[in-house]
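For reference, final-v7.txt is printed below; it contains compact mmCIF, C-alpha atoms.
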```
# COMPACT_ATOMS: atom_id res chain seq x y z
CA MET P 1 98.88 96.75 97.01
CA ALA P 2 101.53 94.64 95.28
CA PRO P 3 103.80 96.32 92.75
CA THR P 4 103.46 95.58 89.05
CA ASP P 5 106.35 94.18 87.03
CA PRO P 6 108.20 96.39 86.31
CA CYS P 7 107.22 98.58 89.20
CA TRP P 8 106.90 102.31 88.45
CA LEU P 9 106.52 104.85 91.24
CA PHE P 10 105.19 108.36 90.57
CA GLY P 11 106.53 111.22 92.66
CA TYR P 12 104.87 114.62 92.61
CA GLY P 13 106.23 116.19 95.84
CA SER P 14 109.48 115.56 97.67
CA LEU P 15 110.04 112.40 95.63
CA ILE P 16 110.86 114.70 92.71
CA PHE P 17 113.70 116.55 94.44
CA ARG P 18 114.67 114.09 97.20
CA PRO P 19 113.74 110.55 96.19
CA ALA P 20 116.12 108.92 98.70
CA ILE P 21 115.29 105.51 97.20
CA PRO P 22 117.25 103.24 94.89
CA PHE P 23 115.87 103.15 91.37
CA VAL P 24 116.82 101.68 88.01
CA GLU P 25 115.43 104.47 85.87
CA ARG P 26 114.01 107.97 86.33
CA ARG P 27 111.77 109.63 83.74
CA PRO P 28 109.55 112.71 83.57
CA ALA P 29 105.91 111.68 83.75
CA ARG P 30 102.41 112.98 84.15
CA VAL P 31 99.08 111.74 85.42
CA ARG P 32 95.81 112.96 83.95
CA GLY P 33 92.79 113.88 86.06
CA TRP P 34 94.78 115.02 89.10
CA THR P 35 96.26 118.24 90.41
CA ARG P 36 98.83 118.88 93.14
CA ARG P 37 97.61 120.81 96.20
CA PHE P 38 99.04 121.72 99.63
CA TRP P 39 96.11 120.11 101.41
CA GLN P 40 97.92 117.66 103.73
CA TRP P 41 99.33 118.45 107.17
CA SER P 42 102.88 117.32 107.88
CA THR P 43 103.44 116.61 111.54
CA ASP P 44 106.43 114.30 111.03
CA HIS P 45 108.66 115.77 108.29
CA ARG P 46 107.99 119.47 107.58
CA GLY P 47 106.17 120.35 110.75
CA GLU P 48 105.39 119.03 114.21
CA PRO P 49 102.12 118.10 115.90
CA TRP P 50 101.79 121.50 117.62
CA ARG P 51 102.71 123.43 114.42
CA PRO P 52 102.08 121.28 111.36
CA GLY P 53 103.41 122.15 107.95
CA ARG P 54 101.58 121.67 104.67
CA VAL P 55 102.70 119.26 101.99
CA VAL P 56 101.18 118.20 98.69
CA THR P 57 98.65 115.58 97.84
CA LEU P 58 96.76 114.80 94.66
CA ALA P 59 93.26 116.19 94.25
CA PRO P 60 91.00 114.72 91.57
CA THR P 61 90.33 117.22 88.80
CA PRO P 62 89.10 115.68 85.54
CA ASP P 63 90.65 118.23 83.17
CA ASP P 64 94.03 118.73 84.87
CA ILE P 65 97.44 117.13 84.55
CA CYS P 66 99.99 116.70 87.32
CA TRP P 67 103.64 116.57 86.26
CA GLY P 68 106.22 114.69 88.25
CA MET P 69 108.89 112.05 88.07
CA ALA P 70 108.49 108.31 87.56
CA TYR P 71 110.98 105.87 89.02
CA ARG P 72 111.34 102.29 87.84
CA LEU P 73 112.18 100.17 90.85
CA ASP P 74 114.25 97.01 90.76
CA GLU P 75 113.45 93.56 92.11
CA ALA P 76 113.58 94.97 95.65
CA ALA P 77 110.40 96.98 94.96
CA GLU P 78 108.49 95.44 97.89
CA THR P 79 111.22 96.50 100.33
CA ILE P 80 111.46 99.99 98.81
CA LEU P 81 107.69 100.42 99.00
CA ALA P 82 107.64 99.18 102.61
CA ASP P 83 110.20 101.89 103.45
CA LEU P 84 108.11 104.47 101.59
CA ASP P 85 105.03 103.33 103.52
CA ILE P 86 106.90 104.52 106.63
CA ARG P 87 108.06 107.79 105.00
CA GLU P 88 104.49 108.50 103.82
CA ARG P 89 102.75 107.27 106.97
CA GLY P 90 101.15 110.62 107.81
CA GLY P 91 97.86 109.90 106.07
CA TYR P 92 99.00 108.72 102.64
CA ILE P 93 97.93 105.50 100.97
CA ARG P 94 99.27 103.75 97.90
CA MET P 95 97.13 103.89 94.80
CA GLU P 96 97.51 102.82 91.20
CA VAL P 97 97.74 105.49 88.52
CA GLU P 98 98.23 105.47 84.79
CA LEU P 99 101.51 107.23 84.02
CA GLU P 100 102.52 108.83 80.76
CA LEU P 101 106.31 108.63 80.48
CA ASP P 102 108.73 110.67 78.38
CA VAL P 103 106.35 113.46 77.63
CA SER P 104 107.52 116.86 76.47
CA VAL P 105 106.99 118.88 79.61
CA GLY P 106 105.77 122.41 79.10
CA LYS P 107 105.82 122.22 75.30
CA ALA P 108 102.99 122.21 72.81
CA PRO P 109 102.37 118.72 71.42
CA ASP P 110 104.22 118.01 68.20
CA ALA P 111 102.05 116.17 65.68
CA SER P 112 105.07 114.16 64.53
CA ALA P 113 106.08 113.12 68.06
CA ALA P 114 105.39 109.60 69.20
CA ALA P 115 102.68 109.07 71.77
CA PRO P 116 103.97 108.88 75.34
CA GLN P 117 104.56 105.45 76.79
CA THR P 118 101.72 104.63 79.18
CA VAL P 119 102.38 102.35 82.16
CA LEU P 120 100.57 101.43 85.33
CA GLY P 121 102.33 102.77 88.40
CA LEU P 122 101.92 103.48 92.08
CA THR P 123 101.81 106.75 93.95
CA TYR P 124 100.94 107.96 97.43
CA GLN P 125 97.84 110.07 97.90
CA ALA P 126 96.22 111.56 100.99
CA TRP P 127 92.46 111.18 100.79
CA PRO P 128 90.12 113.59 102.52
CA GLY P 129 89.21 112.28 105.93
CA ASN P 130 92.65 110.97 106.90
CA ARG P 131 93.85 112.25 110.28
CA ASN P 132 96.24 114.78 108.70
CA TYR P 133 94.03 116.07 105.91
CA ALA P 134 94.12 119.87 106.00
CA GLY P 135 91.95 120.50 102.96
CA PRO P 136 91.63 123.65 100.90
CA ALA P 137 92.34 127.06 102.37
CA PRO P 138 93.06 130.54 101.05
CA LEU P 139 96.60 130.80 99.68
CA ALA P 140 97.52 133.49 102.24
CA GLU P 141 96.55 131.13 105.07
CA ILE P 142 98.55 128.25 103.57
CA ALA P 143 101.57 130.54 103.11
CA ALA P 144 101.41 131.69 106.75
CA GLN P 145 101.29 128.09 107.96
CA VAL P 146 104.17 127.07 105.69
CA ALA P 147 106.31 130.05 106.75
CA GLU P 148 106.09 129.06 110.43
CA ALA P 149 106.49 125.27 110.19
CA THR P 150 109.71 123.32 110.67
CA GLY P 151 110.18 119.62 111.23
CA PRO P 152 112.88 116.93 111.29
CA SER P 153 113.27 117.11 107.47
CA GLY P 154 113.70 120.90 107.45
CA THR P 155 111.57 123.96 107.02
CA ASN P 156 108.23 123.77 105.28
CA ALA P 157 109.23 126.84 103.23
CA ASP P 158 112.28 124.97 101.88
CA TYR P 159 109.99 122.10 100.86
CA VAL P 160 107.86 124.52 98.81
CA ARG P 161 110.90 126.23 97.29
CA ASP P 162 112.63 122.93 96.47
CA LEU P 163 109.48 121.60 94.82
CA HIS P 164 109.03 124.81 92.84
CA THR P 165 112.68 124.72 91.68
CA ALA P 166 112.43 121.04 90.70
CA LEU P 167 109.25 121.66 88.70
CA GLU P 168 110.85 124.61 86.92
CA ALA P 169 113.91 122.48 86.08
CA LEU P 170 111.54 119.88 84.65
CA GLY P 171 109.80 122.56 82.60
CA ALA P 172 106.50 121.92 84.34
CA GLN P 173 104.26 124.81 85.30
CA ASP P 174 102.23 124.46 88.46
CA THR P 175 100.41 127.68 89.30
CA HIS P 176 99.50 126.53 92.84
CA VAL P 177 103.12 125.76 93.77
CA ALA P 178 104.44 128.90 92.04
CA ALA P 179 101.90 131.16 93.74
CA LEU P 180 102.70 129.71 97.16
CA ALA P 181 106.47 129.96 96.61
CA ALA P 182 106.06 133.62 95.60
CA ARG P 183 104.31 134.40 98.92
CA LEU P 184 107.10 133.02 101.11
CA PRO P 185 109.72 135.32 102.61
CA GLY P 186 113.37 135.06 101.63
```
Mind turning this structure into structure tokens?
Amino acid sequence: MAPTDPCWLFGYGSLIFRPAIPFVERRPARVRGWTRRFWQWSTDHRGEPWRPGRVVTLAPTPDDICWGMAYRLDEAAETILADLDIRERGGYIRMEVELELDVSVGKAPDASAAAPQTVLGLTYQAWPGNRNYAGPAPLAEIAAQVAEATGPSGTNADYVRDLHTALEALGAQDTHVAALAARLPG
């Protein structure tokens, strides 16, 4: 999938707290009709094949909103996306999403506020059926898996905590992430 001009990339997991990509601009953003869930195995970053971790993907939910960060990429967008294709190789695919930029995160809408800027962007999503799709599970089971998993990028528990901290700093509430972070030791 070729990037649009300008190319916007939506991050809803580690791209929020560790983008590790060059970008021209970074703005809070949201996508409608999606929610963030720890339904993807990580066997290459936050776990290993014999003890996979769990990382987030987007699950379609018509009435939900997923908050994250949008990055406007420069003219090297194709190269950046090719590098991200490698980073997200564990079952993720690129997809187009409609992004709402510069929204007031966590605040009630103000009738006098301007409508958010809407742009077409790209994100990575792990569809059910990919080789690393873990799917839904009870929160206690997810927490136990996260607590035990470590990979080349660090512990799975740190991933959850870092994501939770980044979302709080953004002013975004995510009950799934918060509930999982609360179940982790230390």
Near region 76-95 of chain P, 10 Å: region 7-45 of chain P residue rows, closest pairs, all atoms listed in the file, as a tab-separated table:
```
residue	atom	partner	partner_atom	distance
P:Cys7	CA	P:Ala77	CA	6.8
P:Trp8	CA	P:Ala77	CA	9.1
P:Leu9	CA	P:Leu81	CA	9.0
P:Pro19	CA	P:Leu84	CA	9.9
P:Ala20	CA	P:Leu84	CA	9.6
P:Ile21	CA	P:Ile80	CA	6.9
P:Pro22	CA	P:Ile80	CA	7.7
P:Phe23	CA	P:Ala77	CA	9.0
P:Gln40	CA	P:Gly91	CA	8.1
P:Trp41	CA	P:Gly90	CA	8.1
P:Ser42	CA	P:Gly90	CA	6.9
P:Thr43	CA	P:Gly90	CA	7.4
P:Asp44	CA	P:Gly90	CA	7.2
P:His45	CA	P:Arg87	CA	8.7
```
Using the selection just defined, write its residues with C-alpha atoms as a JSON list (two decimals), in the coordinates of the input.
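The new file out.json reads:
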```json
[["chain", "number", "residue", "atom", "x", "y", "z"],
["P", 7, "CYS", "CA", 107.22, 98.58, 89.20],
["P", 8, "TRP", "CA", 106.90, 102.31, 88.45],
["P", 9, "LEU", "CA", 106.52, 104.85, 91.24],
["P", 19, "PRO", "CA", 113.74, 110.55, 96.19],
["P", 20, "ALA", "CA", 116.12, 108.92, 98.70],
["P", 21, "ILE", "CA", 115.29, 105.51, 97.20],
["P", 22, "PRO", "CA", 117.25, 103.24, 94.89],
["P", 23, "PHE", "CA", 115.87, 103.15, 91.37],
["P", 40, "GLN", "CA", 97.92, 117.66, 103.73],
["P", 41, "TRP", "CA", 99.33, 118.45, 107.17],
["P", 42, "SER", "CA", 102.88, 117.32, 107.88],
["P", 43, "THR", "CA", 103.44, 116.61, 111.54],
["P", 44, "ASP", "CA", 106.43, 114.30, 111.03],
["P", 45, "HIS", "CA", 108.66, 115.77, 108.29]]
```
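Minimum atom-to-atom distance to Asn132 (chain P), evaluated using all atoms listed in the file, belongs to P:Val56 out of P:Val56, P:Val177, P:Val31, P:Met69.
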Please work out which residues fall within 6 Å of (98.9, 117.9, 94.5), coordinates as given in the file, with all atoms listed in the file counting, and return them as an mmCIF file with C-alpha atoms, in the coordinates of the input.
```
data_model
loop_
_atom_site.group_PDB
_atom_site.id
_atom_site.type_symbol
_atom_site.label_atom_id
_atom_site.label_comp_id
_atom_site.auth_asym_id
_atom_site.auth_seq_id
_atom_site.Cartn_x
_atom_site.Cartn_y
_atom_site.Cartn_z
ATOM 1 C CA THR P 35 96.260 118.240 90.410
ATOM 2 C CA ARG P 36 98.830 118.880 93.140
ATOM 3 C CA ARG P 37 97.610 120.810 96.200
ATOM 4 C CA VAL P 56 101.180 118.200 98.690
ATOM 5 C CA THR P 57 98.650 115.580 97.840
ATOM 6 C CA LEU P 58 96.760 114.800 94.660
ATOM 7 C CA ALA P 59 93.260 116.190 94.250
#
```
Give as a PyMOL selection string every residue, naming chains and numbers as the document does, that has an atom within 6 Å of (101.9, 111.9, 82.4), counting only C-alpha atoms. chain P and resi 29-31+99-101
Given the choices P:Val55, P:Ala149, P:Val160, P:Ala115, which gets closest to Tyr133 (chain P) if the distance is worked out from all atoms listed in the file? P:Val55
Restricting the calculation to only C-alpha atoms, which member of P:Ala181, P:Pro49, P:Glu25, P:His176 is positioned closest to Asp162 (chain P)?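 Nearest to Asp162 (chain P): P:Ala181.
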Could you tell me how far CA of Pro62 (chain P) sits from CA of Leu122 (chain P), in Å to one decimal place? 18.9 Å
